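Chemist: Structure: my_file34.cif, mmCIF, C-alpha atoms and all ligand atoms.
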data_coords
loop_
_atom_site.label_atom_id
_atom_site.label_comp_id
_atom_site.auth_asym_id
_atom_site.auth_seq_id
_atom_site.Cartn_x
_atom_site.Cartn_y
_atom_site.Cartn_z
CA MET A 1 -33.14 -25.69 -16.63
CA PHE A 2 -31.60 -25.79 -13.14
CA GLU A 3 -33.46 -22.60 -12.11
CA THR A 4 -33.98 -23.77 -8.51
CA GLU A 5 -30.30 -24.72 -8.25
CA ARG A 6 -29.30 -21.26 -9.56
CA LYS A 7 -31.56 -19.56 -6.99
CA ASP A 8 -30.01 -21.67 -4.22
CA LEU A 9 -26.53 -20.73 -5.42
CA VAL A 10 -27.43 -17.02 -5.37
CA GLU A 11 -28.66 -17.45 -1.77
CA ILE A 12 -25.31 -19.02 -0.86
CA LEU A 13 -23.46 -16.10 -2.48
CA LYS A 14 -25.60 -13.63 -0.49
CA LYS A 15 -24.90 -15.52 2.75
CA LYS A 16 -21.17 -15.42 1.99
CA GLY A 17 -21.37 -11.62 1.69
CA ILE A 18 -21.96 -10.77 -1.98
CA ARG A 19 -24.13 -7.63 -1.89
CA ASN A 20 -24.07 -6.13 -5.39
CA GLU A 21 -27.60 -6.70 -6.77
CA GLN A 22 -26.45 -6.52 -10.39
CA VAL A 23 -23.82 -9.18 -9.76
CA LEU A 24 -26.38 -11.43 -8.04
CA LYS A 25 -28.80 -10.95 -10.97
CA ALA A 26 -26.05 -11.91 -13.42
CA PHE A 27 -25.48 -15.16 -11.46
CA MET A 28 -29.22 -15.83 -11.70
CA ARG A 29 -29.20 -15.31 -15.48
CA VAL A 30 -25.98 -16.95 -16.65
CA GLN A 31 -26.40 -20.72 -16.87
CA ARG A 32 -23.22 -22.21 -15.39
CA HIS A 33 -24.17 -25.73 -16.49
CA LEU A 34 -23.62 -24.66 -20.13
CA PHE A 35 -19.94 -23.91 -19.36
CA VAL A 36 -18.97 -27.22 -17.72
CA PRO A 37 -18.32 -30.65 -19.30
CA ASP A 38 -21.41 -32.89 -19.61
CA ILE A 39 -20.40 -35.21 -16.76
CA MET A 40 -20.14 -32.19 -14.41
CA LYS A 41 -23.54 -30.65 -15.20
CA GLN A 42 -25.22 -32.11 -12.11
CA HIS A 43 -22.65 -30.30 -9.96
CA ALA A 44 -22.70 -27.02 -11.89
CA TYR A 45 -24.50 -25.09 -9.14
CA ALA A 46 -22.46 -26.31 -6.19
CA ASP A 47 -20.23 -23.51 -4.90
CA VAL A 48 -17.05 -25.29 -5.94
CA ALA A 49 -14.44 -25.13 -8.70
CA LEU A 50 -14.86 -27.92 -11.29
CA PRO A 51 -12.40 -29.48 -13.77
CA ILE A 52 -12.78 -28.32 -17.39
CA GLY A 53 -9.89 -30.25 -18.99
CA MET A 54 -6.21 -29.45 -19.65
CA GLY A 55 -5.67 -29.54 -15.87
CA GLN A 56 -7.70 -26.29 -15.55
CA THR A 57 -10.85 -25.37 -13.64
CA ILE A 58 -13.95 -23.21 -13.82
CA SER A 59 -13.49 -21.09 -10.68
CA GLN A 60 -15.70 -21.42 -7.61
CA PRO A 61 -18.82 -19.23 -8.10
CA TYR A 62 -18.09 -17.32 -4.87
CA THR A 63 -14.62 -16.43 -6.19
CA VAL A 64 -16.08 -15.28 -9.52
CA ALA A 65 -18.68 -13.20 -7.65
CA TYR A 66 -16.09 -11.72 -5.27
CA MET A 67 -13.76 -10.70 -8.11
CA THR A 68 -16.64 -9.30 -10.16
CA GLU A 69 -17.91 -7.30 -7.19
CA ALA A 70 -14.38 -5.96 -6.59
CA LEU A 71 -14.05 -5.00 -10.26
CA ASN A 72 -17.56 -3.44 -10.29
CA PRO A 73 -17.87 -3.23 -14.09
CA GLN A 74 -20.35 -0.70 -15.45
CA PRO A 75 -22.38 -1.09 -18.68
CA GLY A 76 -20.32 -0.13 -21.73
CA GLN A 77 -16.98 -0.34 -19.95
CA LYS A 78 -14.11 -2.18 -21.60
CA ILE A 79 -13.03 -5.12 -19.44
CA MET A 80 -10.17 -7.50 -20.18
CA GLU A 81 -10.11 -10.97 -18.62
CA ILE A 82 -6.94 -13.08 -18.52
CA GLY A 83 -7.77 -16.79 -18.32
CA THR A 84 -10.96 -17.45 -20.33
CA GLY A 85 -11.08 -21.09 -19.19
CA SER A 86 -14.69 -22.21 -19.57
CA GLY A 87 -15.90 -18.72 -20.55
CA TYR A 88 -18.20 -18.43 -17.51
CA GLN A 89 -16.56 -15.36 -15.90
CA ALA A 90 -16.54 -13.63 -19.32
CA ALA A 91 -20.27 -14.39 -19.69
CA ILE A 92 -20.97 -12.90 -16.23
CA LEU A 93 -19.08 -9.70 -17.20
CA ASN A 94 -20.96 -9.60 -20.51
CA GLU A 95 -24.27 -10.02 -18.66
CA LEU A 96 -23.36 -6.92 -16.62
CA GLY A 97 -23.16 -4.94 -19.88
CA ALA A 98 -19.36 -4.76 -20.14
CA ARG A 99 -17.51 -5.01 -23.46
CA VAL A 100 -15.45 -8.09 -22.74
CA PHE A 101 -12.00 -8.99 -24.13
CA THR A 102 -10.84 -12.37 -22.89
CA ILE A 103 -7.54 -14.21 -23.38
CA GLU A 104 -6.76 -17.92 -22.91
CA ARG A 105 -3.38 -19.60 -23.50
CA HIS A 106 -4.75 -23.15 -24.18
CA HIS A 107 -6.09 -23.55 -27.72
CA ASP A 108 -8.61 -26.26 -26.78
CA LEU A 109 -10.12 -24.18 -23.97
CA HIS A 110 -10.16 -21.05 -26.15
CA ASN A 111 -11.91 -22.94 -28.97
CA SER A 112 -14.51 -24.50 -26.73
CA ALA A 113 -15.29 -21.16 -25.00
CA VAL A 114 -15.68 -19.44 -28.40
CA LYS A 115 -18.10 -22.20 -29.46
CA ILE A 116 -20.22 -21.56 -26.35
CA PHE A 117 -20.14 -17.76 -26.88
CA ASP A 118 -21.32 -18.26 -30.48
CA LYS A 119 -24.04 -20.71 -29.48
CA LEU A 120 -25.37 -18.28 -26.86
CA ASN A 121 -24.88 -15.35 -29.24
CA LEU A 122 -22.61 -13.53 -26.76
CA LYS A 123 -20.56 -10.72 -28.28
CA ILE A 124 -17.31 -11.41 -26.47
CA ALA A 125 -13.91 -10.82 -28.08
CA ALA A 126 -11.67 -13.82 -27.40
CA ARG A 127 -8.12 -14.62 -28.36
CA CYS A 128 -5.58 -17.34 -27.73
CA SER A 129 -2.29 -15.90 -26.50
CA ASP A 130 -0.20 -15.13 -23.42
CA GLY A 131 -2.47 -12.87 -21.38
CA THR A 132 0.39 -11.54 -19.24
CA LEU A 133 1.18 -9.40 -22.29
CA GLY A 134 -2.39 -8.06 -22.36
CA TRP A 135 -4.19 -7.05 -25.57
CA GLN A 136 -2.60 -3.76 -26.61
CA GLU A 137 -4.87 -3.15 -29.60
CA PHE A 138 -7.93 -2.33 -27.47
CA ALA A 139 -6.17 -0.73 -24.47
CA PRO A 140 -6.77 1.10 -22.23
CA TYR A 141 -9.25 -1.01 -20.27
CA ASP A 142 -11.58 0.27 -17.54
CA GLY A 143 -11.01 -2.98 -15.70
CA ILE A 144 -8.82 -6.08 -15.87
CA VAL A 145 -9.46 -9.36 -14.09
CA VAL A 146 -6.89 -12.15 -13.98
CA THR A 147 -8.32 -15.57 -13.12
CA ALA A 148 -4.98 -17.35 -12.59
CA GLY A 149 -2.39 -16.68 -9.88
CA GLY A 150 0.96 -15.10 -10.76
CA PRO A 151 4.21 -14.38 -8.87
CA SER A 152 3.79 -10.60 -9.42
CA VAL A 153 1.58 -8.04 -11.16
CA PRO A 154 2.45 -7.96 -14.89
CA GLU A 155 3.71 -4.52 -15.95
CA ASN A 156 1.89 -4.87 -19.28
CA LEU A 157 -1.45 -5.11 -17.50
CA LYS A 158 -0.70 -2.06 -15.33
CA LYS A 159 0.15 -0.11 -18.49
CA GLN A 160 -2.99 -1.22 -20.33
CA LEU A 161 -5.27 -0.18 -17.46
CA ALA A 162 -7.03 3.20 -17.78
CA VAL A 163 -6.49 5.83 -15.08
CA GLU A 164 -9.17 5.22 -12.39
CA GLY A 165 -9.49 1.64 -13.70
CA LYS A 166 -9.27 -1.46 -11.50
CA LEU A 167 -7.05 -4.51 -11.85
CA VAL A 168 -8.02 -7.61 -9.86
CA ILE A 169 -5.30 -10.27 -9.73
CA PRO A 170 -4.24 -13.11 -7.40
CA VAL A 171 -0.55 -12.82 -6.49
CA GLY A 172 1.48 -15.32 -4.45
CA ASP A 173 3.07 -18.73 -4.79
CA LYS A 174 1.68 -21.61 -6.85
CA LYS A 175 -0.60 -22.86 -4.03
CA VAL A 176 -1.95 -19.81 -2.18
CA GLN A 177 -2.41 -16.24 -3.30
CA THR A 178 -3.52 -12.88 -2.02
CA LEU A 179 -6.06 -11.09 -4.17
CA HIS A 180 -4.71 -7.68 -5.17
CA ILE A 181 -7.40 -5.12 -5.95
CA ILE A 182 -5.47 -2.32 -7.61
CA THR A 183 -6.74 1.12 -8.59
CA LYS A 184 -4.71 3.17 -11.07
CA ILE A 185 -4.47 6.69 -9.66
CA SER A 186 -2.21 8.05 -12.41
CA ASP A 187 0.23 6.60 -14.95
CA GLU A 188 2.79 6.11 -12.17
CA GLN A 189 0.60 5.74 -9.08
CA PHE A 190 -1.38 2.70 -7.95
CA LYS A 191 -3.35 1.99 -4.76
CA THR A 192 -3.64 -1.67 -3.69
CA ARG A 193 -6.03 -3.45 -1.33
CA GLU A 194 -5.05 -7.03 -0.48
CA VAL A 195 -7.38 -9.88 0.46
CA PRO A 196 -5.67 -13.12 1.61
CA TYR A 197 -6.29 -16.84 1.04
CA PHE A 198 -7.27 -17.50 -2.54
CA ALA A 199 -6.18 -20.53 -4.55
CA PHE A 200 -5.98 -20.31 -8.32
CA VAL A 201 -4.27 -22.33 -11.04
CA PRO A 202 -0.93 -20.76 -12.07
CA LEU A 203 -0.69 -17.82 -14.45
CA ILE A 204 1.84 -19.09 -16.99
CA GLY A 205 3.57 -16.67 -19.33
CA LYS A 206 6.26 -14.11 -19.96
CA GLU A 207 5.21 -12.07 -16.90
CA GLY A 208 3.90 -15.07 -14.97
CA TRP A 209 5.29 -18.48 -14.00
CA ARG A 210 7.53 -20.26 -16.47
CA GLU A 211 6.12 -23.40 -18.07
CA LYS A 212 7.89 -26.54 -16.83
N1 LIG B 301 -12.27 -17.48 -15.85
C1 LIG B 301 -12.32 -18.91 -16.00
C2 LIG B 301 -13.69 -19.46 -15.99
O1 LIG B 301 -14.66 -18.71 -15.76
O2 LIG B 301 -13.84 -20.67 -16.25
C3 LIG B 301 -11.43 -19.55 -14.96
C4 LIG B 301 -10.35 -20.32 -15.62
S1 LIG B 301 -9.04 -21.04 -14.75
C5 LIG B 301 -9.23 -20.76 -13.05
C6 LIG B 301 -7.68 -19.99 -15.25
C7 LIG B 301 -7.34 -20.04 -16.71
O3 LIG B 301 -6.21 -19.19 -16.94
C8 LIG B 301 -6.95 -21.41 -17.25
O4 LIG B 301 -7.81 -21.77 -18.28
C9 LIG B 301 -5.50 -21.21 -17.76
O5 LIG B 301 -5.20 -21.96 -18.91
C10 LIG B 301 -5.50 -19.72 -18.04
N2 LIG B 301 -4.18 -19.09 -18.08
C11 LIG B 301 -3.08 -19.30 -17.29
N3 LIG B 301 -2.07 -18.49 -17.67
C12 LIG B 301 -2.53 -17.75 -18.71
C13 LIG B 301 -1.97 -16.73 -19.53
N4 LIG B 301 -0.72 -16.29 -19.38
N5 LIG B 301 -2.74 -16.19 -20.51
C14 LIG B 301 -4.00 -16.62 -20.71
N6 LIG B 301 -4.59 -17.58 -19.97
C15 LIG B 301 -3.88 -18.13 -18.99
#
The structure given in the file should be rewritten as structure tokens.

Modeler:
Amino acid sequence: MFETERKDLVEILKKKGIRNEQVLKAFMRVQRHLFVPDIMKQHAYADVALPIGMGQTISQPYTVAYMTEALNPQPGQKIMEIGTGSGYQAAILNELGARVFTIERHHDLHNSAVKIFDKLNLKIAARCSDGTLGWQEFAPYDGIVVTAGGPSVPENLKKQLAVEGKLVIPVGDKKVQTLHIITKISDEQFKTREVPYFAFVPLIGKEGWREK
């Protein structure tokens, strides 16, 4: 279903500068319409963020592709995602062969993503907790992607990243963020590349924004 729409979306991603063939293939294979509410299915392949309930969104496909390309996960690598939301980004990472560990703070979103993973038989480890604390049990991670915007880079995530691993996280105020693409050089040393003008929902937690 929606194969033509998926092809068109992949063409849009290419035009916008996504080059990694594996990432583009993953976008061709993962069916975004399965991760959005029924009334949104017709819009699932538009390059826009869509509401998924609880005031949250499934990110714009271009943003998911950009972050995935920046993370560049390799088959077998351990990748942690903060902000499961619909489960779509986790499914893209899984499609690329990564071992995915995803965390969501909203029970309803966590439960509905787990249901989709089970239905599609995706082996993705998911938990409901504050992702700014990471998931110590399985650390260190070869890559960490945060799909909500925080005021700073959580120290827990820096600690749980493997040396040579990458952490991709939007940092800024609640409306606009800069994407930080961080490489861990050693336990104390990090190198950061910054890409401006992203807009994510807030990262809420102990090392994020405080809940109102
Ligand atoms: N990756 C998601 C997808 O593919 O649908 C995008 C989800 S949305 C842009 C960001 C998600 O981060 C929301 O579902 C929100 O509840 C979640 N979130 C915010 N702060 C969090 C935290 N501290 N720990 C875990 N999840 C968090």

Chemist: For Ala70 (chain A), find every residue with an atom within 9 Å (counting all atoms listed in the file), except residues of its own chain fewer than 5 positions away, and show them as a ChimeraX atom specification.

Modeler: /A:65,166,168,181

Chemist: Counting all atoms listed in the file, figure out which residue out of A:Gln31, A:Asn111, A:Ser59, A:Gln77 gets nearest to Ala91 (chain A).

Modeler: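 Once distances to Ala91 (chain A) are computed over all atoms listed in the file, the minimum belongs to A:Gln31.
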
Chemist: Please indicate the distance in Å from CA of Ser186 (chain A) to CA of Val163 (chain A), rounded to one decimal place.

Modeler: 5.5 Å

Chemist: For ligand LIG 301 (chain B), collect every residue having any atom at a distance of at most 7 Å from a ligand atom (counting only C-alpha atoms and all ligand atoms); output as a short mmCIF file (atom, residue, chain, number, x, y, z; two decimals) with C-alpha atoms, keeping the file's coordinate frame.

Modeler:
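Below is the file that was written, out_35.cif:
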data_model
loop_
_atom_site.label_atom_id
_atom_site.label_comp_id
_atom_site.auth_asym_id
_atom_site.auth_seq_id
_atom_site.Cartn_x
_atom_site.Cartn_y
_atom_site.Cartn_z
CA GLN A 56 -7.70 -26.29 -15.55
CA THR A 57 -10.85 -25.37 -13.64
CA ILE A 58 -13.95 -23.21 -13.82
CA SER A 59 -13.49 -21.09 -10.68
CA ILE A 82 -6.94 -13.08 -18.52
CA GLY A 83 -7.77 -16.79 -18.32
CA THR A 84 -10.96 -17.45 -20.33
CA GLY A 85 -11.08 -21.09 -19.19
CA SER A 86 -14.69 -22.21 -19.57
CA GLY A 87 -15.90 -18.72 -20.55
CA TYR A 88 -18.20 -18.43 -17.51
CA GLN A 89 -16.56 -15.36 -15.90
CA ALA A 90 -16.54 -13.63 -19.32
CA ILE A 103 -7.54 -14.21 -23.38
CA GLU A 104 -6.76 -17.92 -22.91
CA ARG A 105 -3.38 -19.60 -23.50
CA HIS A 106 -4.75 -23.15 -24.18
CA LEU A 109 -10.12 -24.18 -23.97
CA SER A 129 -2.29 -15.90 -26.50
CA ASP A 130 -0.20 -15.13 -23.42
CA GLY A 131 -2.47 -12.87 -21.38
CA THR A 132 0.39 -11.54 -19.24
CA THR A 147 -8.32 -15.57 -13.12
CA ALA A 148 -4.98 -17.35 -12.59
CA PHE A 200 -5.98 -20.31 -8.32
CA VAL A 201 -4.27 -22.33 -11.04
CA PRO A 202 -0.93 -20.76 -12.07
CA LEU A 203 -0.69 -17.82 -14.45
CA ILE A 204 1.84 -19.09 -16.99
CA GLY A 205 3.57 -16.67 -19.33
CA GLY A 208 3.90 -15.07 -14.97
#

Chemist: In terms of the shortest atom-to-atom distance over only C-alpha atoms, which of A:Arg99, A:Lys184, A:Arg210, A:Lys78 is closest to Asp142 (chain A)?

Modeler: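 When distances to Asp142 (chain A) are compared using only C-alpha atoms, the smallest one comes from A:Lys78.
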
Chemist: Hey, can you check how far CA of Lys158 (chain A) sits from CA of Arg19 (chain A)?

Modeler: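 CA of Lys158 (chain A) sits 27.6 Å away from CA of Arg19 (chain A).
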
Chemist: Need a file for region 112-127 of chain A from that block: all heavy atoms, written as a JSON list (two decimals), in the first residue's frame.

Modeler:
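result-v1.json, freshly written:
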[["chain", "number", "residue", "atom", "x", "y", "z"],
["A", 112, "SER", "N", 1.35, 2.23, 22.50],
["A", 112, "SER", "CA", 0.89, 2.07, 21.11],
["A", 112, "SER", "C", 2.07, 1.77, 20.18],
["A", 112, "SER", "O", 1.94, 0.97, 19.25],
["A", 112, "SER", "CB", 0.02, 3.25, 20.68],
["A", 112, "SER", "OG", 0.71, 4.13, 19.88],
["A", 113, "ALA", "N", 3.26, 2.32, 20.47],
["A", 113, "ALA", "CA", 4.44, 1.99, 19.64],
["A", 113, "ALA", "C", 4.81, 0.51, 19.82],
["A", 113, "ALA", "O", 5.10, -0.19, 18.83],
["A", 113, "ALA", "CB", 5.62, 2.89, 20.01],
["A", 114, "VAL", "N", 4.75, 0.02, 21.06],
["A", 114, "VAL", "CA", 5.10, -1.39, 21.32],
["A", 114, "VAL", "C", 4.14, -2.32, 20.56],
["A", 114, "VAL", "O", 4.55, -3.33, 19.99],
["A", 114, "VAL", "CB", 5.10, -1.69, 22.84],
["A", 114, "VAL", "CG1", 5.15, -3.18, 23.12],
["A", 114, "VAL", "CG2", 6.29, -0.99, 23.50],
["A", 115, "LYS", "N", 2.85, -1.93, 20.54],
["A", 115, "LYS", "CA", 1.86, -2.73, 19.80],
["A", 115, "LYS", "C", 2.23, -2.81, 18.32],
["A", 115, "LYS", "O", 2.14, -3.87, 17.69],
["A", 115, "LYS", "CB", 0.47, -2.08, 19.92],
["A", 115, "LYS", "CG", -0.34, -2.70, 21.02],
["A", 115, "LYS", "CD", -1.80, -2.29, 20.92],
["A", 115, "LYS", "CE", -2.41, -2.40, 22.30],
["A", 115, "LYS", "NZ", -3.40, -1.37, 22.59],
["A", 116, "ILE", "N", 2.66, -1.68, 17.75],
["A", 116, "ILE", "CA", 3.03, -1.67, 16.32],
["A", 116, "ILE", "C", 4.28, -2.51, 16.11],
["A", 116, "ILE", "O", 4.36, -3.30, 15.16],
["A", 116, "ILE", "CB", 3.23, -0.21, 15.81],
["A", 116, "ILE", "CG1", 1.93, 0.58, 15.96],
["A", 116, "ILE", "CG2", 3.69, -0.21, 14.36],
["A", 116, "ILE", "CD1", 2.05, 2.07, 15.66],
["A", 117, "PHE", "N", 5.29, -2.36, 16.99],
["A", 117, "PHE", "CA", 6.51, -3.17, 16.86],
["A", 117, "PHE", "C", 6.16, -4.66, 16.87],
["A", 117, "PHE", "O", 6.67, -5.43, 16.06],
["A", 117, "PHE", "CB", 7.50, -2.89, 18.00],
["A", 117, "PHE", "CG", 8.03, -1.47, 18.06],
["A", 117, "PHE", "CD1", 8.47, -0.92, 19.27],
["A", 117, "PHE", "CD2", 8.12, -0.69, 16.91],
["A", 117, "PHE", "CE1", 8.97, 0.37, 19.33],
["A", 117, "PHE", "CE2", 8.60, 0.62, 16.97],
["A", 117, "PHE", "CZ", 9.03, 1.15, 18.19],
["A", 118, "ASP", "N", 5.27, -5.06, 17.80],
["A", 118, "ASP", "CA", 4.90, -6.48, 17.91],
["A", 118, "ASP", "C", 4.18, -6.95, 16.65],
["A", 118, "ASP", "O", 4.46, -8.01, 16.12],
["A", 118, "ASP", "CB", 3.98, -6.70, 19.13],
["A", 118, "ASP", "CG", 4.77, -6.60, 20.44],
["A", 118, "ASP", "OD1", 6.02, -6.59, 20.37],
["A", 118, "ASP", "OD2", 4.15, -6.49, 21.51],
["A", 119, "LYS", "N", 3.26, -6.10, 16.18],
["A", 119, "LYS", "CA", 2.47, -6.46, 15.00],
["A", 119, "LYS", "C", 3.38, -6.66, 13.78],
["A", 119, "LYS", "O", 3.17, -7.55, 12.96],
["A", 119, "LYS", "CB", 1.46, -5.33, 14.73],
["A", 119, "LYS", "CG", 0.29, -5.74, 13.89],
["A", 119, "LYS", "CD", -0.77, -4.66, 13.95],
["A", 119, "LYS", "CE", -1.69, -4.76, 12.76],
["A", 119, "LYS", "NZ", -2.46, -3.54, 12.60],
["A", 120, "LEU", "N", 4.40, -5.81, 13.68],
["A", 120, "LEU", "CA", 5.32, -5.88, 12.53],
["A", 120, "LEU", "C", 6.50, -6.82, 12.80],
["A", 120, "LEU", "O", 7.40, -6.96, 11.98],
["A", 120, "LEU", "CB", 5.84, -4.48, 12.18],
["A", 120, "LEU", "CG", 4.78, -3.44, 11.80],
["A", 120, "LEU", "CD1", 5.44, -2.08, 11.55],
["A", 120, "LEU", "CD2", 4.01, -3.89, 10.55],
["A", 121, "ASN", "N", 6.46, -7.43, 14.01],
["A", 121, "ASN", "CA", 7.53, -8.35, 14.41],
["A", 121, "ASN", "C", 8.92, -7.68, 14.41],
["A", 121, "ASN", "O", 9.91, -8.27, 13.98],
["A", 121, "ASN", "CB", 7.51, -9.57, 13.49],
["A", 121, "ASN", "CG", 8.12, -10.78, 14.15],
["A", 121, "ASN", "OD1", 8.29, -10.78, 15.38],
["A", 121, "ASN", "ND2", 8.48, -11.78, 13.37],
["A", 122, "LEU", "N", 8.98, -6.44, 14.88],
["A", 122, "LEU", "CA", 10.24, -5.71, 14.95],
["A", 122, "LEU", "C", 10.86, -5.95, 16.33],
["A", 122, "LEU", "O", 10.19, -5.76, 17.35],
["A", 122, "LEU", "CB", 10.04, -4.21, 14.73],
["A", 122, "LEU", "CG", 9.30, -3.80, 13.46],
["A", 122, "LEU", "CD1", 9.18, -2.27, 13.39],
["A", 122, "LEU", "CD2", 10.00, -4.33, 12.23],
["A", 123, "LYS", "N", 12.11, -6.35, 16.35],
["A", 123, "LYS", "CA", 12.79, -6.61, 17.64],
["A", 123, "LYS", "C", 13.43, -5.31, 18.13],
["A", 123, "LYS", "O", 14.60, -5.05, 17.87],
["A", 123, "LYS", "CB", 13.85, -7.70, 17.47],
["A", 123, "LYS", "CG", 13.31, -9.01, 16.94],
["A", 123, "LYS", "CD", 12.73, -9.87, 18.07],
["A", 123, "LYS", "CE", 12.07, -11.13, 17.53],
["A", 123, "LYS", "NZ", 10.69, -10.91, 17.02],
["A", 124, "ILE", "N", 12.60, -4.49, 18.75],
["A", 124, "ILE", "CA", 13.05, -3.19, 19.26],
["A", 124, "ILE", "C", 12.80, -3.17, 20.76],
["A", 124, "ILE", "O", 11.69, -3.49, 21.19],
["A", 124, "ILE", "CB", 12.29, -2.05, 18.55],
["A", 124, "ILE", "CG1", 12.69, -1.98, 17.06],
["A", 124, "ILE", "CG2", 12.52, -0.71, 19.25],
["A", 124, "ILE", "CD1", 11.88, -1.02, 16.22],
["A", 125, "ALA", "N", 13.83, -2.83, 21.54],
["A", 125, "ALA", "CA", 13.64, -2.75, 22.99],
["A", 125, "ALA", "C", 13.07, -1.38, 23.32],
["A", 125, "ALA", "O", 13.65, -0.36, 22.93],
["A", 125, "ALA", "CB", 14.97, -2.97, 23.70],
["A", 126, "ALA", "N", 11.92, -1.37, 24.01],
["A", 126, "ALA", "CA", 11.26, -0.09, 24.31],
["A", 126, "ALA", "C", 10.96, -0.01, 25.79],
["A", 126, "ALA", "O", 10.59, -1.01, 26.41],
["A", 126, "ALA", "CB", 9.98, 0.03, 23.50],
["A", 127, "ARG", "N", 11.12, 1.21, 26.34],
["A", 127, "ARG", "CA", 10.72, 1.37, 27.74],
["A", 127, "ARG", "C", 10.10, 2.74, 27.96],
["A", 127, "ARG", "O", 10.33, 3.67, 27.17],
["A", 127, "ARG", "CB", 11.90, 1.11, 28.67],
["A", 127, "ARG", "CG", 12.73, 2.29, 29.00],
["A", 127, "ARG", "CD", 13.89, 1.83, 29.86],
["A", 127, "ARG", "NE", 14.02, 2.63, 31.07],
["A", 127, "ARG", "CZ", 15.01, 2.48, 31.94],
["A", 127, "ARG", "NH1", 15.93, 1.56, 31.76],
["A", 127, "ARG", "NH2", 15.08, 3.24, 32.98]]
